[in-house]
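Participant: One file: query_29.tsv (TSV, C-alpha atoms and all ligand atoms).
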```tsv
chain	number	residue	atom	x	y	z
D	1	MET	CA	123.31	-17.85	-21.74
D	2	GLN	CA	123.16	-14.46	-23.31
D	3	SER	CA	122.23	-15.89	-26.75
D	4	THR	CA	119.29	-17.80	-25.20
D	5	SER	CA	118.11	-14.59	-23.62
D	6	LEU	CA	118.39	-12.76	-26.93
D	7	ARG	CA	116.47	-15.46	-28.74
D	8	THR	CA	113.71	-15.23	-26.14
D	9	ARG	CA	113.55	-11.47	-26.49
D	10	LEU	CA	113.52	-11.70	-30.29
D	11	LEU	CA	110.72	-14.26	-30.14
D	12	SER	CA	108.78	-12.03	-27.75
D	13	LEU	CA	109.15	-9.12	-30.14
D	14	LEU	CA	107.91	-11.24	-33.04
D	15	LEU	CA	104.93	-12.45	-31.04
D	16	LEU	CA	104.21	-8.90	-30.00
D	17	ILE	CA	104.23	-7.67	-33.62
D	18	VAL	CA	102.36	-10.61	-35.11
D	19	GLY	CA	100.00	-11.21	-32.21
D	20	TRP	CA	98.96	-7.62	-31.63
D	21	PRO	CA	96.18	-7.39	-34.23
D	22	GLN	CA	94.71	-10.71	-33.01
D	23	THR	CA	94.72	-9.45	-29.42
D	24	ILE	CA	92.80	-6.35	-30.48
D	25	LEU	CA	90.30	-8.47	-32.41
D	26	ALA	CA	89.78	-10.81	-29.45
D	27	ASP	CA	88.88	-7.87	-27.20
D	28	THR	CA	86.37	-6.41	-29.66
D	29	PRO	CA	82.76	-7.49	-29.14
D	30	PRO	CA	81.38	-9.48	-32.09
D	31	ALA	CA	79.96	-7.19	-34.76
D	32	THR	CA	76.51	-7.61	-36.22
D	33	THR	CA	76.64	-10.19	-38.99
D	34	THR	CA	77.06	-8.32	-42.28
D	35	ILE	CA	76.01	-9.70	-45.65
D	36	ASP	CA	77.81	-7.88	-48.47
D	37	VAL	CA	75.65	-7.39	-51.55
D	38	LEU	CA	76.70	-6.79	-55.15
D	39	VAL	CA	73.94	-5.10	-57.18
D	40	VAL	CA	74.19	-5.17	-60.98
D	41	TYR	CA	71.84	-3.53	-63.48
D	42	PRO	CA	71.80	-3.51	-67.28
D	43	ARG	CA	71.82	0.23	-68.05
D	44	PRO	CA	73.75	3.29	-66.92
D	45	ALA	CA	72.82	4.12	-63.33
D	46	GLU	CA	71.06	7.41	-63.99
D	47	GLN	CA	68.93	5.91	-66.75
D	48	HIS	CA	68.13	2.83	-64.68
D	49	LEU	CA	66.97	4.83	-61.66
D	50	SER	CA	64.87	7.35	-63.60
D	51	MET	CA	61.62	5.37	-63.82
D	52	LEU	CA	61.69	4.61	-60.09
D	53	ILE	CA	62.07	8.34	-59.46
D	54	SER	CA	59.05	9.03	-61.67
D	55	TRP	CA	57.11	6.47	-59.62
D	56	GLY	CA	58.12	8.25	-56.42
D	57	ARG	CA	59.69	5.09	-55.00
D	58	ASN	CA	63.21	6.48	-54.66
D	59	PHE	CA	63.07	7.59	-50.99
D	60	GLY	CA	63.91	11.09	-52.22
D	61	GLU	CA	67.29	9.91	-53.52
D	62	THR	CA	68.30	10.79	-57.07
D	63	GLU	CA	71.78	9.20	-57.18
D	64	MET	CA	72.14	5.44	-57.50
D	65	ASP	CA	74.62	5.13	-54.65
D	66	ALA	CA	72.45	7.04	-52.17
D	67	PHE	CA	69.31	5.26	-53.36
D	68	LEU	CA	70.76	1.77	-52.89
D	69	THR	CA	72.20	2.72	-49.50
D	70	THR	CA	68.78	3.94	-48.30
D	71	ASP	CA	66.92	1.04	-49.90
D	72	PHE	CA	69.12	-1.57	-48.21
D	73	ALA	CA	68.99	0.32	-44.91
D	74	HIS	CA	65.24	-0.37	-45.07
D	75	VAL	CA	65.94	-4.04	-45.83
D	76	THR	CA	68.28	-4.20	-42.84
D	77	GLN	CA	65.60	-2.53	-40.70
D	78	ILE	CA	63.02	-5.17	-41.72
D	79	TYR	CA	65.41	-7.90	-40.55
D	80	GLN	CA	66.56	-6.19	-37.36
D	81	ARG	CA	63.09	-5.09	-36.23
D	82	SER	CA	62.05	-8.71	-36.64
D	83	GLY	CA	64.88	-9.75	-34.32
D	84	ILE	CA	67.41	-11.02	-36.90
D	85	GLU	CA	70.90	-9.71	-36.14
D	86	VAL	CA	72.09	-9.06	-39.67
D	87	ALA	CA	72.94	-6.00	-41.74
D	88	PHE	CA	73.04	-5.71	-45.53
D	89	ASN	CA	75.84	-3.69	-47.03
D	90	VAL	CA	75.89	-2.75	-50.72
D	91	ILE	CA	79.59	-3.37	-51.17
D	92	HIS	CA	79.46	-2.49	-54.87
D	93	HIS	CA	76.98	-1.69	-57.61
D	94	GLU	CA	77.62	-1.50	-61.30
D	95	ALA	CA	75.96	-1.19	-64.71
D	96	ILE	CA	76.88	-4.35	-66.60
D	97	ASP	CA	76.82	-5.11	-70.32
D	98	LEU	CA	77.05	-8.78	-71.24
D	99	SER	CA	76.07	-8.21	-74.88
D	100	TYR	CA	79.40	-9.79	-75.88
D	101	ILE	CA	77.86	-13.13	-74.84
D	102	ASP	CA	74.55	-12.70	-76.68
D	103	ALA	CA	73.66	-9.23	-77.95
D	104	ALA	CA	69.96	-9.99	-78.42
D	105	ASN	CA	69.10	-12.00	-75.32
D	106	TRP	CA	71.66	-11.43	-72.58
D	107	LYS	CA	69.36	-9.49	-70.25
D	108	VAL	CA	66.84	-12.35	-70.17
D	109	THR	CA	69.33	-15.22	-70.19
D	110	LEU	CA	71.15	-13.72	-67.21
D	111	SER	CA	67.98	-14.10	-65.10
D	112	SER	CA	67.69	-17.69	-66.18
D	113	ALA	CA	71.37	-18.41	-65.46
D	114	LEU	CA	71.12	-16.98	-61.94
D	115	MET	CA	67.93	-18.92	-61.17
D	116	ASN	CA	69.35	-22.23	-62.41
D	117	SER	CA	73.02	-21.97	-61.53
D	118	GLU	CA	72.99	-25.39	-59.85
D	119	ASN	CA	72.46	-27.02	-63.27
D	120	GLN	CA	75.64	-25.48	-64.73
D	121	LEU	CA	74.11	-25.45	-68.22
D	122	PRO	CA	76.77	-24.75	-70.89
D	123	ALA	CA	74.74	-21.80	-72.24
D	124	HIS	CA	74.71	-20.23	-68.76
D	125	LEU	CA	78.38	-20.67	-67.90
D	126	PRO	CA	79.67	-17.43	-69.53
D	127	TYR	CA	77.05	-15.48	-67.55
D	128	LEU	CA	77.92	-17.15	-64.27
D	129	GLU	CA	81.62	-16.61	-64.94
D	130	ALA	CA	81.07	-12.88	-65.59
D	131	ILE	CA	78.99	-12.49	-62.42
D	132	GLU	CA	81.41	-14.54	-60.30
D	133	ASN	CA	84.38	-12.49	-61.50
D	134	LEU	CA	82.67	-9.31	-60.30
D	135	ARG	CA	81.53	-10.99	-57.09
D	136	ASN	CA	85.03	-12.18	-56.24
D	137	LEU	CA	86.57	-8.83	-57.11
D	138	HIS	CA	84.36	-7.08	-54.58
D	139	GLY	CA	84.00	-9.85	-51.99
D	140	ALA	CA	80.20	-9.98	-52.23
D	141	ASP	CA	78.34	-12.67	-50.30
D	142	ILE	CA	75.27	-12.44	-52.53
D	143	VAL	CA	74.49	-10.94	-55.93
D	144	ILE	CA	71.34	-9.11	-56.98
D	145	TYR	CA	70.50	-8.55	-60.64
D	146	TRP	CA	68.13	-5.59	-60.76
D	147	ARG	CA	66.44	-5.95	-64.13
D	148	GLU	CA	65.23	-3.50	-66.72
D	149	HIS	CA	61.49	-2.79	-66.82
D	150	GLY	CA	59.76	-4.92	-69.48
D	151	ASP	CA	62.90	-6.86	-70.42
D	152	GLY	CA	60.84	-9.87	-71.51
D	153	GLY	CA	62.21	-12.05	-68.71
D	154	PRO	CA	60.32	-13.77	-65.89
D	155	SER	CA	57.32	-11.85	-64.56
D	156	SER	CA	58.23	-12.71	-60.96
D	157	ASN	CA	61.18	-11.88	-58.78
D	158	GLY	CA	63.26	-14.90	-57.88
D	159	ALA	CA	65.98	-16.34	-55.69
D	160	GLY	CA	68.52	-18.87	-56.92
D	161	SER	CA	67.72	-21.27	-54.09
D	162	ILE	CA	66.01	-21.76	-50.76
D	163	GLY	CA	68.83	-22.01	-48.28
D	164	GLY	CA	71.27	-23.17	-50.95
D	165	GLY	CA	75.01	-22.74	-51.08
D	166	ASP	CA	77.53	-20.18	-52.13
D	167	ASP	CA	77.05	-21.09	-55.82
D	168	GLU	CA	73.32	-20.30	-55.72
D	169	ALA	CA	73.41	-17.03	-53.79
D	170	TYR	CA	71.75	-15.01	-56.52
D	171	VAL	CA	68.55	-12.97	-56.71
D	172	GLN	CA	66.93	-11.50	-59.81
D	173	LEU	CA	64.56	-8.61	-59.18
D	174	THR	CA	62.04	-7.21	-61.64
D	175	TYR	CA	62.41	-3.46	-62.04
D	176	GLY	CA	59.82	-2.72	-59.34
D	177	GLY	CA	61.13	-5.59	-57.22
D	178	VAL	CA	63.94	-3.52	-55.75
D	179	ASN	CA	61.55	-2.27	-53.05
D	180	PRO	CA	62.43	-3.31	-49.48
D	181	PRO	CA	59.84	-6.01	-48.65
D	182	ILE	CA	60.40	-7.82	-51.96
D	183	THR	CA	64.16	-7.60	-51.62
D	184	ALA	CA	63.89	-8.81	-48.01
D	185	HIS	CA	61.63	-11.65	-49.20
D	186	GLU	CA	63.98	-12.88	-51.94
D	187	ILE	CA	67.05	-12.66	-49.71
D	188	GLY	CA	64.90	-14.49	-47.13
D	189	HIS	CA	64.71	-17.41	-49.60
D	190	LEU	CA	68.51	-17.49	-49.85
D	191	LEU	CA	68.55	-17.68	-46.06
D	192	GLY	CA	66.20	-20.68	-46.08
D	193	GLY	CA	62.84	-18.94	-45.66
D	194	GLN	CA	59.76	-20.41	-47.36
D	195	HIS	CA	56.34	-18.95	-48.14
D	196	SER	CA	54.76	-21.32	-45.62
D	197	ASP	CA	56.89	-19.72	-42.87
D	198	GLY	CA	54.94	-16.48	-43.26
D	199	VAL	CA	51.81	-15.36	-41.43
D	200	GLN	CA	48.53	-14.44	-43.13
D	201	GLY	CA	46.03	-13.02	-40.65
D	202	SER	CA	43.11	-10.65	-40.36
D	203	ALA	CA	42.51	-7.78	-37.97
D	204	SER	CA	40.99	-4.36	-37.87
D	205	PHE	CA	43.65	-1.78	-38.64
D	206	SER	CA	44.02	1.58	-40.33
D	207	ILE	CA	46.31	2.46	-43.23
D	208	ALA	CA	47.85	5.94	-43.24
D	209	GLY	CA	45.36	7.08	-40.61
D	210	ASP	CA	42.18	6.01	-42.39
D	211	THR	CA	39.22	4.42	-40.59
D	212	PRO	CA	40.18	1.06	-39.03
D	213	THR	CA	38.75	-1.72	-41.20
D	214	LEU	CA	38.88	-5.51	-41.04
D	215	ARG	CA	41.77	-6.28	-43.37
D	216	GLU	CA	44.35	-8.91	-44.18
D	217	TYR	CA	47.92	-8.53	-42.98
D	218	ARG	CA	50.94	-10.58	-43.97
D	219	THR	CA	54.53	-11.00	-42.94
D	220	VAL	CA	57.34	-10.73	-45.48
D	221	MET	CA	57.67	-14.39	-46.58
D	222	THR	CA	53.93	-14.89	-47.16
D	223	ILE	CA	52.70	-15.56	-50.69
D	224	ALA	CA	49.12	-16.84	-50.59
D	225	VAL	CA	45.65	-16.50	-52.01
D	226	PRO	CA	44.14	-13.33	-50.49
D	227	LEU	CA	41.54	-13.85	-47.77
D	228	GLY	CA	39.12	-11.65	-49.73
D	229	LEU	CA	38.85	-8.82	-47.22
D	230	ASP	CA	39.56	-5.17	-47.90
D	231	ALA	CA	43.02	-4.20	-49.21
D	232	TYR	CA	45.78	-6.32	-47.68
D	233	ARG	CA	49.10	-5.09	-46.47
D	234	TYR	CA	52.53	-6.54	-45.91
D	235	LEU	CA	53.90	-5.67	-42.52
D	236	TRP	CA	57.62	-4.98	-42.87
D	237	ARG	CA	58.29	-7.85	-40.49
D	238	PHE	CA	59.21	-11.52	-40.57
D	239	SER	CA	57.15	-14.00	-38.60
D	240	ALA	CA	58.55	-15.11	-35.24
D	241	ASN	CA	57.21	-17.59	-32.72
D	242	GLY	CA	55.08	-15.73	-30.18
D	243	ALA	CA	55.67	-12.26	-31.68
D	244	THR	CA	52.89	-9.67	-31.81
D	245	VAL	CA	52.55	-6.17	-33.21
D	246	VAL	CA	50.49	-3.31	-31.80
D	247	GLY	CA	50.41	0.41	-32.58
D	248	ASP	CA	52.08	1.85	-35.69
D	249	HIS	CA	54.09	-0.34	-38.06
D	250	ASP	CA	55.76	0.07	-41.44
D	251	CYS	CA	53.68	-1.66	-44.10
D	252	SER	CA	52.93	-1.53	-47.83
D	253	PRO	CA	51.41	-3.44	-50.68
D	254	LEU	CA	54.05	-5.97	-51.76
D	255	SER	CA	55.62	-3.73	-54.37
D	256	GLY	CA	54.24	-0.43	-53.13
D	257	SER	CA	55.44	2.58	-51.20
D	258	LEU	CA	55.92	2.71	-47.45
D	259	GLU	CA	52.81	3.39	-45.37
D	260	THR	CA	51.88	3.15	-41.69
D	261	CYS	CA	49.50	0.43	-40.53
D	262	SER	CA	48.02	1.10	-37.07
D	263	PHE	CA	46.72	-1.67	-34.83
D	264	ALA	CA	44.64	-0.75	-31.79
D	265	ALA	CA	45.01	-4.25	-30.34
D	266	ALA	CA	47.94	-6.69	-30.52
D	267	VAL	CA	47.90	-9.20	-33.38
D	268	GLY	CA	50.03	-12.31	-33.69
D	269	VAL	CA	52.81	-12.52	-36.27
D	270	GLY	CA	54.11	-16.00	-35.58
D	271	ASP	CA	53.80	-19.34	-33.85
D	272	PRO	CA	55.95	-22.49	-33.70
D	273	SER	CA	55.12	-23.42	-37.31
D	274	HIS	CA	55.35	-19.85	-38.67
D	275	ASP	CA	58.73	-18.68	-37.50
D	276	ALA	CA	60.89	-17.27	-40.30
D	277	VAL	CA	63.11	-15.46	-37.78
D	278	SER	CA	64.56	-18.67	-36.32
D	279	VAL	CA	65.32	-20.05	-39.80
D	280	LEU	CA	66.88	-16.83	-41.13
D	281	SER	CA	68.87	-16.14	-37.96
D	282	ALA	CA	70.41	-19.60	-38.11
D	283	THR	CA	71.70	-19.20	-41.68
D	284	ALA	CA	72.67	-15.50	-41.76
D	285	VAL	CA	76.15	-16.18	-40.38
D	286	THR	CA	76.82	-18.84	-43.03
D	287	VAL	CA	75.74	-16.58	-45.90
D	288	ALA	CA	77.76	-13.66	-44.49
D	289	ALA	CA	80.84	-15.90	-44.78
D	290	PHE	CA	80.29	-16.84	-48.44
D	291	ARG	CA	82.93	-14.34	-49.51
D	292	ASP	CA	85.58	-12.42	-47.66
D	293	ALA	CA	85.65	-8.72	-48.33
D	294	PRO	CA	88.99	-7.61	-49.83
D	295	PRO	CA	91.26	-6.28	-47.05
D	296	PRO	CA	91.41	-2.49	-46.71
D	297	GLU	CA	94.42	-1.24	-48.65
D	298	ASP	CA	95.86	0.87	-45.85
D	299	LEU	CA	96.16	-1.88	-43.25
D	300	PRO	CA	99.28	-4.09	-43.03
D	301	VAL	CA	98.54	-7.77	-43.52
D	302	PHE	CA	100.81	-10.34	-41.91
D	303	GLY	CA	100.24	-13.28	-44.22
D	304	GLY	CA	102.72	-16.15	-44.55
D	305	THR	CA	104.95	-14.25	-46.99
D	306	GLY	CA	104.83	-11.08	-44.91
D	307	LEU	CA	105.82	-13.01	-41.80
D	308	MET	CA	108.79	-14.62	-43.56
D	309	LEU	CA	109.95	-11.19	-44.78
D	310	LEU	CA	109.65	-9.84	-41.25
D	311	ILE	CA	111.77	-12.70	-39.85
D	312	LEU	CA	114.38	-12.23	-42.60
D	313	LEU	CA	114.45	-8.51	-41.92
D	314	LEU	CA	114.97	-9.02	-38.21
D	315	THR	CA	117.62	-11.67	-38.87
D	316	GLY	CA	119.37	-9.29	-41.23
D	317	LEU	CA	119.34	-6.53	-38.64
D	318	GLY	CA	121.06	-8.90	-36.24
D	319	ALA	CA	119.85	-9.71	-32.77
D	320	HIS	CA	122.52	-7.56	-31.10
D	321	SER	CA	121.30	-4.36	-32.69
D	322	LEU	CA	117.89	-5.03	-31.15
D	323	VAL	CA	119.12	-5.23	-27.60
D	324	PRO	CA	119.33	-1.48	-26.88
D	325	ARG	CA	115.83	-0.98	-28.26
D	326	LEU	CA	114.42	-3.79	-26.15
D	327	ARG	CA	115.97	-2.36	-23.01
D	328	SER	CA	114.80	1.20	-23.63
D	401	ZN	ZN	58.97	-16.15	-52.69
```
Would you write the structure of this file as structure tokens?

Facilitator:
Amino acid sequence: MQSTSLRTRLLSLLLLIVGWPQTILADTPPATTTIDVLVVYPRPAEQHLSMLISWGRNFGETEMDAFLTTDFAHVTQIYQRSGIEVAFNVIHHEAIDLSYIDAANWKVTLSSALMNSENQLPAHLPYLEAIENLRNLHGADIVIYWREHGDGGPSSNGAGSIGGGDDEAYVQLTYGGVNPPITAHEIGHLLGGQHSDGVQGSASFSIAGDTPTLREYRTVMTIAVPLGLDAYRYLWRFSANGATVVGDHDCSPLSGSLETCSFAAAVGVGDPSHDAVSVLSATAVTVAAFRDAPPPEDLPVFGGTGLMLLILLLTGLGAHSLVPRLRS
């Protein structure tokens, strides 16, 4: 009788130890979906950032880490203000040098490899392997290659897929393409967004407090022939069915600096056939699960091996020695 009781108590103790973290997790409200981003660039950080600083597009940040943090905070803001519950976290950034693969052409070929990963071309495999090794090391859901200015590669920014899988979750950005609406646009492709999901409209609005003028406005996914009005601006918003904007809003030329666009009357930024928010919201959770972040080093992890060790330890201690502790 007593041994049954001891076994029950021992089992309870084990369940308490092993089950405790899960109980805590179950009581915690679900966090905002986080997509971890690895950013790689082909030159030392200080050198790579310097031209952006000279252009005044560095948000006042002069260190790479602070710049990327601020830049992606803006990207997150574009998504969240549009109603998409996702946050982008630069989990790691690094200057890479793949000249060991091809000293003359690696910077250009890397763009090509990331844009065509689904083809698994033999010439691209060493590039994809190098990028995947870094991605796995840091648990990044998506990878962004922020290119050197005038590297001879594609003139446009690009995403590896429209709503593709884990093995196509790559973006290549031209040097100026690191700005928030372009970055939000290219990541939007990875999340399934298409140019036709965006809104292209016209309304009278002012830019940075100038005289309100009939102008073209666009949402982030829109790429289209301009309507031919005065200067057009990208609102830092995704289209959403039934959404409108009125008053002051963040806006810019596609690759330009942040401005304020002011609308005296509400304008539409979405309808049932122009609704990027519903598409992006539906896929954000999937993309956020492409890679698990490495566990924090200071937290105990009860994996299968750890659990076996715990059982052996408790067995070695002997059930009797546990009794006084259980009763105290
Ligand atoms: Zn596009």

Participant: With distances taken over all atoms listed in the file, which of D:Glu61, D:Asp36, D:Glu132, D:Glu148 is nearest to Ile91 in chain D?

Facilitator: D:Asp36

Participant: May I ask you to write as a PyMOL selection string all residues lying at most 12 Å from ligand ZN 401 (chain D), with only C-alpha atoms and all ligand atoms counted?

Facilitator: chain D and resi 156-162+171-173+177+181-198+219-224+254

Participant: D:Leu121, D:Val245, D:Val108, D:Val199: which is nearest Val267 in chain D, counting all atoms listed in the file?

Facilitator: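 Result for the nearest residue to Val267 in chain D: D:Val245.
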
Participant: Please compute the CA of Ser278 in chain D-CA of Val37 in chain D distance, one decimal, in Å.

Facilitator: 22.0 Å

Participant: Taking all atoms listed in the file into account, name the residue in D:Ile53, D:Ala169, D:Leu258, D:Ala282 that is nearest to Ala208 in chain D.

Facilitator: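 Nearest to Ala208 in chain D: D:Leu258.
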
Participant: List the spatial neighbours of Asn136 in chain D as a ChimeraX atom specification - criterion: any atom at most 12 Å away, all atoms listed in the file, same-chain residues fewer than 2 positions off excluded.

Facilitator: /D:36-38,91-92,128-134,138-143,166-167,290-294

Participant: Only C-alpha atoms, please: the residues just picked out, written as a tab-separated table (two decimals), in the coordinates of the input.

Facilitator:
```tsv
chain	number	residue	atom	x	y	z
D	36	ASP	CA	77.81	-7.88	-48.47
D	37	VAL	CA	75.65	-7.39	-51.55
D	38	LEU	CA	76.70	-6.79	-55.15
D	91	ILE	CA	79.59	-3.37	-51.17
D	92	HIS	CA	79.46	-2.49	-54.87
D	128	LEU	CA	77.92	-17.15	-64.27
D	129	GLU	CA	81.62	-16.61	-64.94
D	130	ALA	CA	81.07	-12.88	-65.59
D	131	ILE	CA	78.99	-12.49	-62.42
D	132	GLU	CA	81.41	-14.54	-60.30
D	133	ASN	CA	84.38	-12.49	-61.50
D	134	LEU	CA	82.67	-9.31	-60.30
D	138	HIS	CA	84.36	-7.08	-54.58
D	139	GLY	CA	84.00	-9.85	-51.99
D	140	ALA	CA	80.20	-9.98	-52.23
D	141	ASP	CA	78.34	-12.67	-50.30
D	142	ILE	CA	75.27	-12.44	-52.53
D	143	VAL	CA	74.49	-10.94	-55.93
D	166	ASP	CA	77.53	-20.18	-52.13
D	167	ASP	CA	77.05	-21.09	-55.82
D	290	PHE	CA	80.29	-16.84	-48.44
D	291	ARG	CA	82.93	-14.34	-49.51
D	292	ASP	CA	85.58	-12.42	-47.66
D	293	ALA	CA	85.65	-8.72	-48.33
D	294	PRO	CA	88.99	-7.61	-49.83
```

Participant: Quick one: distance from CA of Val225 in chain D to CA of Gln200 in chain D in Å, one decimal?

Facilitator: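 One can read the CA of Val225 in chain D to CA of Gln200 in chain D distance as 9.6 Å.
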